[in-house]
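Note sheet for the following structure.
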Amino acid sequence: MPHSGFLIENRIFDPAETLSRADLAALQLERLRDLVERVAHVHFYRDHFTLHDITRRSIRTLDDLLRLPFTTKDDLRRHQPLGFLAVPRKEVARIHGSSGTTGRPTFVAYTPEDLRIWSGLCARFLVAGGLKPEHTVQIAFGYGLFTGGFGLHYGVERVGAAIIPAASGNTRRQLDIIHDLQPEALICTPSYALTIADAARDAGLDPRALSLRYGHFGGEPWTEDMRREIEEQLDILAFNNYGLSEVIGPGVSGECAARNGMHLQEDHFLVECIDPETLAPVAEGEPGELVITTLTRQAMPMIRYRTRDIARIYREPCPCGRNTLRMSRVAGRSDDMLIIRGVNVFPSQIEEALLRVDGTTPHYLIEVSRPGTLDQVTVKVEIRRESFSDRMDRMQALRERIAREIHTVAGIRAEVELVEPRSIERFAGKAKRVMDKRGLTEA
């Protein structure tokens with residue numbers, strides 16, 4: 001168990017987090033009207049608004065959101081670099097960006113007010129996850145165009161805690177900093193947290209004896225099993241948060257002390273959950289693609305932005321006192337989903353299966369090929385050093401157990417290749433889990 005006897009008090013950073021549903025809906029409607037007025041001159045939205053007679057006054061209920069157009073990443077690319085800018089260029093205070101499959105950044109702009117809102121949104125989930133002003137936080141996210149490093153940096157500052165801006169990479173240096181400066185909290189991708197634990201063992205240190213007590217992880221999908229793995233290896237409490245650059249960055253949602261879903265910051269975002277094929281809303285609690293409308297962003301507001309992230313949304317009361325909708329962890333992306341012989345598979349399902357088998361680690365690589373007419377999947381799995389055996393029958397039995405678990409969780413048959421510890425490449429940022437050799441991806 002992580003930090004036995006260590007409890008997190010339920011703390012709320014912003015009173016807006018506990019608005020009643022009625023007050024929240026009234027605020028959302030007023031902010032949606034403001035948003036429609038604000039983007040009416042943005043070229044992409046202007047033509048749709050004119051065609052469908054959409055004005056501030058025509059937005060009478062929140063259901064009128066469905067009259068507004070979807071926005072996609074392709075739309076952003078077609079209007080690069082700043083075709084969605086809704087304020088004069090002189091009002092822009094910062095520009096971030098995210099690189100897509102083509103490697104060309106999708107730029108996003110912020111006004112000073114956007115930056116103030118962003119830091120407050122990050123502060124909300126950091127406080128909900130135990131951060132206090134007296135703590136020190138090591139940020140092992142990349143700085144630069146990537147929104148994760150800066151977003152969390154200013155969120156930590158907003159809370160009043162001390163920051164070690166270690167940035168990403170140079171794992172041994174990260175470990176030295178933790179050892180020397182004794183931070184209580186770590187911010188990075190979940191897979192990189194395990195890399196730090198590996199580095200500690202390589203250095204002859206017990207990763208559970210480090211000063212860390214909390215971890216705030218995002219930037220890539222991860223499972224509950226991986227959370228347990230991180231908590232066991234580092235003896236911390238691990239918290240999930242969610243965001244994306246096109247919307248604002250981290251701060252769209254985050255976990256409270258109950259850790260039963262991530263609270264959506266509904267006073268700043270309207271969130272839908274749709275079937276990515278039909279575009280129709282899915283039933284509450286069913287998986288679907290998240291669609292987000294930014295209610296308060298000034299520089300580059302987004303209307304009904306299709307995130308491609310697959311998750312569930314639900315509204316059961318939370319003991320923490322926040323009244324917002326909650327979202328599950330992201331299972332994967334609709335555009336990263338693998339279709340294997342007609343079966344939809346997300347990499348996170350493979351991870352879930354692996355972590356159910358004793359002796360495996362969360363480090364793996366999925367290779368998909370089509371040597372003939374049928375897809376073939378090979379999962380390379382790192383196993384723990386103590387699980388290696390010279391006896392072929394034991395290794396074969398382990399492979400078969402893993403293959404059965406993959407079939408149970410993901411519904412596909414896969415070849416399993418056991419590889420030595422540390423033989424799969426580590427990443428300081430988002431881990432690369434899939435190598436698709438079928439040549440099906442569009443350039």
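Here's how to read the names in the structure tokens: chain A, B, ... by the order shown, residue numbers from 1 in each chain, ligand numbers from 1 in the order shown.
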(request) Just list the residues in region 375-433 of chain A DSSP gives strand (DSSP E) on the backbone, as number ranges by chain. (result) A: 376-383, 415-419
Write the residues of the selection above to a file with all heavy atoms, as a compact mmCIF listing (two decimals), in the first residue's frame.
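Output file part_24.txt is given in full below:
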```
# COMPACT_ATOMS: atom_id res chain seq x y z
N GLN A 376 -1.66 -9.88 -38.11
CA GLN A 376 -0.93 -10.64 -37.10
C GLN A 376 -0.42 -9.67 -36.05
O GLN A 376 0.17 -8.64 -36.38
CB GLN A 376 0.24 -11.39 -37.73
CG GLN A 376 1.08 -12.19 -36.74
CD GLN A 376 2.16 -12.99 -37.45
OE1 GLN A 376 1.88 -13.77 -38.36
NE2 GLN A 376 3.40 -12.78 -37.05
N VAL A 377 -0.65 -10.01 -34.78
CA VAL A 377 -0.24 -9.13 -33.67
C VAL A 377 0.81 -9.85 -32.83
O VAL A 377 0.60 -11.00 -32.41
CB VAL A 377 -1.44 -8.76 -32.78
CG1 VAL A 377 -0.98 -7.87 -31.63
CG2 VAL A 377 -2.51 -8.06 -33.59
N THR A 378 1.91 -9.18 -32.61
CA THR A 378 2.95 -9.69 -31.70
C THR A 378 3.12 -8.67 -30.58
O THR A 378 3.30 -7.48 -30.83
CB THR A 378 4.29 -9.88 -32.43
OG1 THR A 378 4.12 -10.82 -33.49
CG2 THR A 378 5.35 -10.39 -31.47
N VAL A 379 3.04 -9.14 -29.35
CA VAL A 379 3.23 -8.27 -28.20
C VAL A 379 4.56 -8.64 -27.54
O VAL A 379 4.73 -9.76 -27.04
CB VAL A 379 2.08 -8.41 -27.19
CG1 VAL A 379 2.31 -7.47 -26.00
CG2 VAL A 379 0.74 -8.09 -27.86
N LYS A 380 5.49 -7.70 -27.57
CA LYS A 380 6.76 -7.89 -26.88
C LYS A 380 6.61 -7.40 -25.45
O LYS A 380 6.20 -6.26 -25.23
CB LYS A 380 7.88 -7.13 -27.58
CG LYS A 380 8.19 -7.67 -28.99
CD LYS A 380 9.37 -6.95 -29.61
CE LYS A 380 9.73 -7.55 -30.96
NZ LYS A 380 10.89 -6.88 -31.59
N VAL A 381 6.92 -8.26 -24.51
CA VAL A 381 6.66 -7.97 -23.10
C VAL A 381 7.95 -8.12 -22.30
O VAL A 381 8.61 -9.16 -22.37
CB VAL A 381 5.61 -8.94 -22.52
CG1 VAL A 381 5.26 -8.53 -21.09
CG2 VAL A 381 4.38 -9.01 -23.40
N GLU A 382 8.29 -7.07 -21.56
CA GLU A 382 9.40 -7.21 -20.63
C GLU A 382 8.92 -7.97 -19.40
O GLU A 382 7.83 -7.67 -18.87
CB GLU A 382 9.91 -5.84 -20.18
CG GLU A 382 10.78 -5.14 -21.18
CD GLU A 382 11.42 -3.89 -20.59
OE1 GLU A 382 11.44 -3.77 -19.34
OE2 GLU A 382 11.90 -3.05 -21.37
N ILE A 383 9.69 -8.94 -18.95
CA ILE A 383 9.33 -9.64 -17.73
C ILE A 383 10.36 -9.33 -16.66
O ILE A 383 11.49 -8.94 -16.95
CB ILE A 383 9.18 -11.15 -17.95
CG1 ILE A 383 10.50 -11.79 -18.37
CG2 ILE A 383 8.10 -11.45 -18.98
CD1 ILE A 383 10.42 -13.30 -18.44
N GLU A 415 0.53 -13.22 -30.65
CA GLU A 415 1.77 -13.90 -30.34
C GLU A 415 2.48 -13.10 -29.24
O GLU A 415 2.50 -11.87 -29.28
CB GLU A 415 2.68 -13.98 -31.57
CG GLU A 415 2.13 -14.86 -32.69
CD GLU A 415 2.09 -16.32 -32.29
OE1 GLU A 415 3.03 -16.77 -31.57
OE2 GLU A 415 1.13 -17.01 -32.66
N VAL A 416 3.02 -13.79 -28.27
CA VAL A 416 3.69 -13.12 -27.16
C VAL A 416 5.18 -13.45 -27.21
O VAL A 416 5.57 -14.60 -27.29
CB VAL A 416 3.10 -13.55 -25.80
CG1 VAL A 416 3.89 -12.93 -24.65
CG2 VAL A 416 1.63 -13.14 -25.72
N GLU A 417 5.99 -12.39 -27.18
CA GLU A 417 7.44 -12.55 -27.16
C GLU A 417 7.97 -11.96 -25.85
O GLU A 417 7.77 -10.78 -25.56
CB GLU A 417 8.06 -11.82 -28.35
CG GLU A 417 9.56 -11.96 -28.44
CD GLU A 417 10.14 -11.21 -29.63
OE1 GLU A 417 9.39 -11.00 -30.62
OE2 GLU A 417 11.33 -10.83 -29.57
N LEU A 418 8.60 -12.80 -25.04
CA LEU A 418 9.16 -12.35 -23.77
C LEU A 418 10.55 -11.79 -24.00
O LEU A 418 11.39 -12.44 -24.63
CB LEU A 418 9.22 -13.51 -22.77
CG LEU A 418 7.89 -14.24 -22.51
CD1 LEU A 418 8.10 -15.36 -21.51
CD2 LEU A 418 6.82 -13.27 -22.03
N VAL A 419 10.79 -10.58 -23.50
CA VAL A 419 12.09 -9.95 -23.70
C VAL A 419 12.68 -9.55 -22.35
O VAL A 419 11.97 -9.46 -21.34
CB VAL A 419 12.00 -8.72 -24.63
CG1 VAL A 419 11.46 -9.12 -25.99
CG2 VAL A 419 11.11 -7.63 -24.01
```
May I have all residues of region 84-178 of chain A that DSSP, computed from the backbone, assigns to helix (DSSP H, G or I), given as a PDB file with C-alpha atoms, in the first residue's frame?
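Final file, selection.pdb:
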```
ATOM      1  CA  ARG A  89      -2.644  39.643 -32.351  1.00  0.00           C
ATOM      2  CA  LYS A  90      -1.351  42.302 -29.931  1.00  0.00           C
ATOM      3  CA  GLU A  91      -3.430  40.690 -27.144  1.00  0.00           C
ATOM      4  CA  PRO A 112      -3.086  36.975 -20.157  1.00  0.00           C
ATOM      5  CA  GLU A 113      -6.605  36.097 -18.981  1.00  0.00           C
ATOM      6  CA  ASP A 114      -6.330  32.647 -20.590  1.00  0.00           C
ATOM      7  CA  LEU A 115      -3.100  32.062 -18.678  1.00  0.00           C
ATOM      8  CA  ARG A 116      -4.725  33.141 -15.420  1.00  0.00           C
ATOM      9  CA  ILE A 117      -7.651  30.774 -15.981  1.00  0.00           C
ATOM     10  CA  TRP A 118      -5.330  27.938 -17.013  1.00  0.00           C
ATOM     11  CA  SER A 119      -3.179  28.210 -13.903  1.00  0.00           C
ATOM     12  CA  GLY A 120      -6.301  28.159 -11.739  1.00  0.00           C
ATOM     13  CA  LEU A 121      -7.674  25.049 -13.445  1.00  0.00           C
ATOM     14  CA  CYS A 122      -4.405  23.199 -12.857  1.00  0.00           C
ATOM     15  CA  ALA A 123      -4.309  24.404  -9.256  1.00  0.00           C
ATOM     16  CA  ARG A 124      -7.746  22.878  -8.701  1.00  0.00           C
ATOM     17  CA  PHE A 125      -6.748  19.296  -9.413  1.00  0.00           C
ATOM     18  CA  LEU A 126      -3.332  19.673  -7.769  1.00  0.00           C
ATOM     19  CA  VAL A 127      -4.972  20.798  -4.514  1.00  0.00           C
ATOM     20  CA  ALA A 128      -7.607  18.064  -4.846  1.00  0.00           C
ATOM     21  CA  THR A 147       1.566  22.584 -22.805  1.00  0.00           C
ATOM     22  CA  GLY A 148       2.141  20.064 -19.997  1.00  0.00           C
ATOM     23  CA  GLY A 149       5.268  21.564 -18.467  1.00  0.00           C
ATOM     24  CA  PHE A 150       4.177  25.179 -18.407  1.00  0.00           C
ATOM     25  CA  GLY A 151       0.553  24.455 -17.504  1.00  0.00           C
ATOM     26  CA  LEU A 152       1.484  22.455 -14.431  1.00  0.00           C
ATOM     27  CA  HIS A 153       4.309  24.876 -13.589  1.00  0.00           C
ATOM     28  CA  TYR A 154       1.965  27.827 -13.257  1.00  0.00           C
ATOM     29  CA  GLY A 155      -0.658  25.680 -11.537  1.00  0.00           C
ATOM     30  CA  VAL A 156       1.868  24.756  -8.853  1.00  0.00           C
ATOM     31  CA  GLU A 157       2.851  28.415  -8.506  1.00  0.00           C
ATOM     32  CA  ARG A 158      -0.822  29.327  -8.109  1.00  0.00           C
ATOM     33  CA  VAL A 159      -1.068  26.892  -5.198  1.00  0.00           C
ATOM     34  CA  THR A 171      16.748  10.257 -15.754  1.00  0.00           C
ATOM     35  CA  ARG A 172      19.819   9.886 -13.568  1.00  0.00           C
ATOM     36  CA  ARG A 173      19.844  13.640 -13.090  1.00  0.00           C
ATOM     37  CA  GLN A 174      16.129  13.507 -12.170  1.00  0.00           C
ATOM     38  CA  LEU A 175      16.955  10.950  -9.517  1.00  0.00           C
ATOM     39  CA  ASP A 176      19.836  13.011  -8.149  1.00  0.00           C
ATOM     40  CA  ILE A 177      17.529  16.017  -7.833  1.00  0.00           C
ATOM     41  CA  ILE A 178      14.934  13.979  -5.954  1.00  0.00           C
TER      42      ILE A 178
END
```
(request) Using only C-alpha atoms, determine which residues lie at most 12 Å from Pro281 (chain A), disregarding the query and same-chain residues fewer than 4 positions distant; provide the list as a PyMOL selection string. (result) chain A and resi 66+271-277+285-291+312-313
(request) Do a neighbour search on Phe70 (chain A) at 10 Å with only C-alpha atoms, toss out local chain neighbours closer than 3 positions, and write the hits as a list in words. (result) Tyr45, Leu66, Arg67, Asp75, Leu279, Val291, Ile292, Thr293, Met302, Ile303, Arg304, Tyr305 and Arg306 of chain A
Filtering to all heavy atoms, could you give me those residues as a short mmCIF file (atom, residue, chain, number, x, y, z; two decimals), in the first residue's frame?
```
data_model
loop_
_atom_site.label_atom_id
_atom_site.label_comp_id
_atom_site.auth_asym_id
_atom_site.auth_seq_id
_atom_site.Cartn_x
_atom_site.Cartn_y
_atom_site.Cartn_z
N TYR A 45 -16.16 29.82 -38.11
CA TYR A 45 -17.49 29.77 -37.50
C TYR A 45 -18.45 30.75 -38.16
O TYR A 45 -19.68 30.53 -38.18
CB TYR A 45 -17.39 30.09 -36.01
CG TYR A 45 -16.58 29.07 -35.24
CD1 TYR A 45 -15.43 29.44 -34.55
CD2 TYR A 45 -16.96 27.73 -35.20
CE1 TYR A 45 -14.68 28.50 -33.85
CE2 TYR A 45 -16.21 26.79 -34.50
CZ TYR A 45 -15.08 27.18 -33.83
OH TYR A 45 -14.34 26.26 -33.13
N LEU A 66 -26.12 21.94 -29.73
CA LEU A 66 -26.15 20.96 -30.82
C LEU A 66 -26.34 21.62 -32.17
O LEU A 66 -26.14 20.98 -33.21
CB LEU A 66 -27.26 19.94 -30.57
CG LEU A 66 -27.16 19.15 -29.26
CD1 LEU A 66 -28.31 18.15 -29.13
CD2 LEU A 66 -25.82 18.43 -29.17
N ARG A 67 -26.72 22.89 -32.21
CA ARG A 67 -26.85 23.61 -33.48
C ARG A 67 -25.50 24.11 -33.98
O ARG A 67 -25.38 24.54 -35.13
CB ARG A 67 -27.79 24.81 -33.31
CG ARG A 67 -29.21 24.45 -32.90
CD ARG A 67 -30.03 25.70 -32.60
NE ARG A 67 -29.98 26.64 -33.73
CZ ARG A 67 -30.16 27.95 -33.61
NH1 ARG A 67 -30.33 28.49 -32.42
NH2 ARG A 67 -30.13 28.72 -34.69
N ASP A 75 -9.37 20.84 -39.16
CA ASP A 75 -9.81 22.22 -39.34
C ASP A 75 -8.72 23.19 -38.86
O ASP A 75 -8.43 24.19 -39.52
CB ASP A 75 -11.10 22.49 -38.56
CG ASP A 75 -12.28 21.69 -39.09
OD1 ASP A 75 -12.34 21.47 -40.32
OD2 ASP A 75 -13.12 21.28 -38.27
N LEU A 279 -21.78 10.18 -34.63
CA LEU A 279 -21.76 11.51 -34.03
C LEU A 279 -22.95 11.75 -33.10
O LEU A 279 -23.17 12.88 -32.63
CB LEU A 279 -21.72 12.61 -35.10
CG LEU A 279 -20.57 12.52 -36.11
CD1 LEU A 279 -20.57 13.73 -37.04
CD2 LEU A 279 -19.23 12.37 -35.41
N VAL A 291 -16.11 15.49 -26.68
CA VAL A 291 -16.22 16.70 -27.49
C VAL A 291 -16.30 17.87 -26.52
O VAL A 291 -17.14 17.88 -25.62
CB VAL A 291 -17.46 16.65 -28.39
CG1 VAL A 291 -17.63 17.97 -29.14
CG2 VAL A 291 -17.37 15.49 -29.37
N ILE A 292 -15.42 18.85 -26.67
CA ILE A 292 -15.29 19.89 -25.67
C ILE A 292 -15.47 21.27 -26.28
O ILE A 292 -14.88 21.60 -27.31
CB ILE A 292 -13.91 19.82 -24.98
CG1 ILE A 292 -13.73 18.45 -24.31
CG2 ILE A 292 -13.75 20.93 -23.95
CD1 ILE A 292 -12.38 18.25 -23.67
N THR A 293 -16.30 22.08 -25.60
CA THR A 293 -16.49 23.48 -25.96
C THR A 293 -15.88 24.34 -24.86
O THR A 293 -16.18 24.15 -23.68
CB THR A 293 -17.98 23.81 -26.10
OG1 THR A 293 -18.53 23.05 -27.18
CG2 THR A 293 -18.20 25.29 -26.39
N MET A 302 -12.70 27.22 -28.73
CA MET A 302 -13.05 26.07 -29.56
C MET A 302 -14.51 25.70 -29.30
O MET A 302 -14.95 25.59 -28.15
CB MET A 302 -12.19 24.85 -29.22
CG MET A 302 -10.73 24.95 -29.63
SD MET A 302 -10.47 24.75 -31.41
CE MET A 302 -10.00 26.43 -31.84
N ILE A 303 -15.26 25.51 -30.37
CA ILE A 303 -16.64 25.04 -30.27
C ILE A 303 -16.71 23.58 -30.68
O ILE A 303 -16.27 23.21 -31.77
CB ILE A 303 -17.58 25.89 -31.16
CG1 ILE A 303 -17.72 27.30 -30.57
CG2 ILE A 303 -18.94 25.23 -31.30
CD1 ILE A 303 -18.61 28.21 -31.37
N ARG A 304 -17.19 22.76 -29.78
CA ARG A 304 -17.42 21.33 -30.03
C ARG A 304 -16.19 20.67 -30.66
O ARG A 304 -16.26 20.04 -31.71
CB ARG A 304 -18.67 21.11 -30.89
CG ARG A 304 -19.93 21.75 -30.32
CD ARG A 304 -21.16 21.33 -31.09
NE ARG A 304 -21.59 19.98 -30.72
CZ ARG A 304 -22.49 19.26 -31.37
NH1 ARG A 304 -23.04 19.75 -32.47
NH2 ARG A 304 -22.81 18.05 -30.97
N TYR A 305 -15.06 20.82 -29.98
CA TYR A 305 -13.81 20.26 -30.50
C TYR A 305 -13.79 18.75 -30.29
O TYR A 305 -13.93 18.26 -29.17
CB TYR A 305 -12.60 20.89 -29.82
CG TYR A 305 -11.31 20.37 -30.39
CD1 TYR A 305 -10.87 20.80 -31.64
CD2 TYR A 305 -10.56 19.41 -29.72
CE1 TYR A 305 -9.70 20.30 -32.20
CE2 TYR A 305 -9.39 18.91 -30.27
CZ TYR A 305 -8.97 19.36 -31.51
OH TYR A 305 -7.81 18.85 -32.06
N ARG A 306 -13.60 18.02 -31.38
CA ARG A 306 -13.55 16.56 -31.32
C ARG A 306 -12.15 16.13 -30.88
O ARG A 306 -11.20 16.19 -31.65
CB ARG A 306 -13.91 15.94 -32.68
CG ARG A 306 -15.37 16.17 -33.08
CD ARG A 306 -15.74 15.34 -34.30
NE ARG A 306 -15.51 13.92 -34.05
CZ ARG A 306 -15.65 12.96 -34.98
NH1 ARG A 306 -16.02 13.29 -36.19
NH2 ARG A 306 -15.42 11.71 -34.67
#
```
(message) Residues within 8 Å of region 355-363 of chain A, please, as number ranges by chain. Count only C-alpha atoms; anything in the same chain fewer than 3 positions from it doesn't count.
(response) A: 191, 225-226, 351-352, 381-384, 386-387, 401-402, 405, 424
Selected residues, N, CA, C and O atoms, written as a JSON list (two decimals), in the first residue's frame, please.
```
[["chain", "number", "residue", "atom", "x", "y", "z"],
["A", 191, "SER", "N", 4.39, 6.49, -17.50],
["A", 191, "SER", "CA", 5.45, 5.56, -17.89],
["A", 191, "SER", "C", 6.82, 6.07, -17.45],
["A", 191, "SER", "O", 7.70, 5.28, -17.09],
["A", 225, "ASP", "N", -4.35, -0.70, -13.32],
["A", 225, "ASP", "CA", -3.27, -1.61, -12.97],
["A", 225, "ASP", "C", -1.92, -0.89, -12.98],
["A", 225, "ASP", "O", -1.06, -1.15, -12.13],
["A", 226, "MET", "N", -1.75, 0.03, -13.93],
["A", 226, "MET", "CA", -0.49, 0.78, -13.95],
["A", 226, "MET", "C", -0.41, 1.73, -12.76],
["A", 226, "MET", "O", 0.67, 1.95, -12.20],
["A", 351, "GLU", "N", -2.13, -3.32, -22.08],
["A", 351, "GLU", "CA", -1.46, -3.03, -20.81],
["A", 351, "GLU", "C", -2.23, -3.63, -19.64],
["A", 351, "GLU", "O", -1.65, -4.22, -18.72],
["A", 352, "GLU", "N", -3.54, -3.48, -19.66],
["A", 352, "GLU", "CA", -4.37, -4.04, -18.59],
["A", 352, "GLU", "C", -4.18, -5.55, -18.49],
["A", 352, "GLU", "O", -4.05, -6.11, -17.40],
["A", 381, "VAL", "N", 6.92, -8.26, -24.51],
["A", 381, "VAL", "CA", 6.66, -7.97, -23.10],
["A", 381, "VAL", "C", 7.95, -8.12, -22.30],
["A", 381, "VAL", "O", 8.61, -9.16, -22.37],
["A", 382, "GLU", "N", 8.29, -7.07, -21.56],
["A", 382, "GLU", "CA", 9.40, -7.21, -20.63],
["A", 382, "GLU", "C", 8.92, -7.97, -19.40],
["A", 382, "GLU", "O", 7.83, -7.67, -18.87],
["A", 383, "ILE", "N", 9.69, -8.94, -18.95],
["A", 383, "ILE", "CA", 9.33, -9.64, -17.73],
["A", 383, "ILE", "C", 10.36, -9.33, -16.66],
["A", 383, "ILE", "O", 11.49, -8.94, -16.95],
["A", 384, "ARG", "N", 9.95, -9.50, -15.44],
["A", 384, "ARG", "CA", 10.84, -9.20, -14.32],
["A", 384, "ARG", "C", 12.00, -10.18, -14.31],
["A", 384, "ARG", "O", 11.87, -11.35, -14.68],
["A", 386, "GLU", "N", 13.46, -11.73, -12.00],
["A", 386, "GLU", "CA", 13.28, -12.93, -11.19],
["A", 386, "GLU", "C", 12.33, -13.94, -11.84],
["A", 386, "GLU", "O", 12.24, -15.09, -11.41],
["A", 387, "SER", "N", 11.64, -13.50, -12.90],
["A", 387, "SER", "CA", 10.70, -14.41, -13.57],
["A", 387, "SER", "C", 11.35, -15.19, -14.71],
["A", 387, "SER", "O", 10.74, -16.11, -15.25],
["A", 401, "ARG", "N", -0.09, -17.82, -20.57],
["A", 401, "ARG", "CA", -0.94, -17.08, -19.63],
["A", 401, "ARG", "C", -1.17, -15.65, -20.13],
["A", 401, "ARG", "O", -2.28, -15.13, -20.05],
["A", 402, "ILE", "N", -0.10, -15.04, -20.62],
["A", 402, "ILE", "CA", -0.24, -13.67, -21.13],
["A", 402, "ILE", "C", -1.17, -13.65, -22.34],
["A", 402, "ILE", "O", -2.05, -12.79, -22.45],
["A", 405, "GLU", "N", -4.75, -13.92, -21.30],
["A", 405, "GLU", "CA", -5.26, -12.70, -20.68],
["A", 405, "GLU", "C", -5.53, -11.63, -21.73],
["A", 405, "GLU", "O", -6.52, -10.89, -21.65],
["A", 424, "ILE", "N", 13.14, -2.72, -23.97],
["A", 424, "ILE", "CA", 12.21, -1.90, -24.74],
["A", 424, "ILE", "C", 12.51, -0.44, -24.44],
["A", 424, "ILE", "O", 12.72, -0.05, -23.29]]
```
(message) Given only C-alpha atoms as the basis, pick out the residue of A:Gly204, A:Gly215, A:Pro301, A:Pro15 nearest to Val247 (chain A).
(response) A:Pro301
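Relative to CA of Phe107 (chain A), CA of Val92 (chain A) is found at 12.3 Å.
What separates CA of His52 (chain A) from CA of Glu37 (chain A) is a distance of 14.4 Å.
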(request) Find the residue from A:Thr189, A:Gln298, A:Ser58, A:Thr18 that sits nearest to Leu325 (chain A); use only C-alpha atoms when measuring. (result) A:Thr18
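Closest approach to Glu224 (chain A) among A:Ile236, A:Ile366, A:Ala331, A:Ala161 is made by A:Ala331 (distances from only C-alpha atoms).
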(message) Considering only C-alpha atoms, can you say which of A:Met337, A:Glu425, A:Gly261, A:Glu266 comes closest to Glu316 (chain A)?
(response)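 The shortest atom-to-atom distance to Glu316 (chain A) comes from A:Gly261.
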(message) Show me, as a list in words, the residues that have an atom within 12 Å of Gln80 (chain A) when counting only C-alpha atoms, minus same-chain residues fewer than 4 positions from it.
(response) Phe44, Lys73, Asp74, Asp75, Leu76, Phe84, Leu85, Gly97, Arg104, Pro105, Thr106, Phe107, Val108 and Ala109 of chain A
(request) Excluding Thr408 (chain A) and residues on its chain fewer than 2 positions from it, collect all residues at most 12 Å away from it, counting only C-alpha atoms, and give them as a ChimeraX atom specification. (result) /A:349-350,352-354,356,401-406,410-414
Could you turn the residues from that selection into a file that holds C-alpha atoms, as a PDB file, in the first residue's frame?
```
ATOM      1  CA  GLN A 349      -6.302  -2.982 -23.087  1.00  0.00           C
ATOM      2  CA  ILE A 350      -3.040  -4.796 -23.785  1.00  0.00           C
ATOM      3  CA  GLU A 352      -4.374  -4.042 -18.593  1.00  0.00           C
ATOM      4  CA  ALA A 353      -3.982  -7.678 -19.643  1.00  0.00           C
ATOM      5  CA  LEU A 354      -0.224  -7.705 -19.054  1.00  0.00           C
ATOM      6  CA  ARG A 356      -2.880  -9.033 -14.579  1.00  0.00           C
ATOM      7  CA  ARG A 401      -0.938 -17.085 -19.628  1.00  0.00           C
ATOM      8  CA  ILE A 402      -0.238 -13.671 -21.133  1.00  0.00           C
ATOM      9  CA  ALA A 403      -1.832 -14.637 -24.458  1.00  0.00           C
ATOM     10  CA  ARG A 404      -4.956 -15.924 -22.669  1.00  0.00           C
ATOM     11  CA  GLU A 405      -5.262 -12.697 -20.676  1.00  0.00           C
ATOM     12  CA  ILE A 406      -4.898 -10.575 -23.830  1.00  0.00           C
ATOM     13  CA  ALA A 410      -8.982  -7.356 -25.762  1.00  0.00           C
ATOM     14  CA  GLY A 411     -10.688 -10.175 -27.646  1.00  0.00           C
ATOM     15  CA  ILE A 412      -7.787 -10.899 -30.011  1.00  0.00           C
ATOM     16  CA  ARG A 413      -5.235 -13.667 -30.440  1.00  0.00           C
ATOM     17  CA  ALA A 414      -1.676 -12.409 -30.156  1.00  0.00           C
TER      18      ALA A 414
END
```
(message) So, with only C-alpha atoms as the atoms that count, which of A:Leu338, A:Leu51, A:Leu32, A:Leu68 lies closest to Phe269 (chain A)?
(response)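 The closest residue to Phe269 (chain A) is A:Leu32.
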(message) For a test of reading the model, state the distance in Å between CA of Gly142 (chain A) and CA of Leu210 (chain A), rounded to one decimal.
(response)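 About the pair CA of Gly142 (chain A) and CA of Leu210 (chain A): they are 22.3 Å apart.
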(request) Determine the nearest neighbour of Arg213 (chain A) from the options A:Ile139, A:Leu62, A:Leu131, A:Ile95, counting only C-alpha atoms. (result)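 Comparing A:Ile139, A:Leu62, A:Leu131, A:Ile95 against Arg213 (chain A), the winner is A:Leu131.
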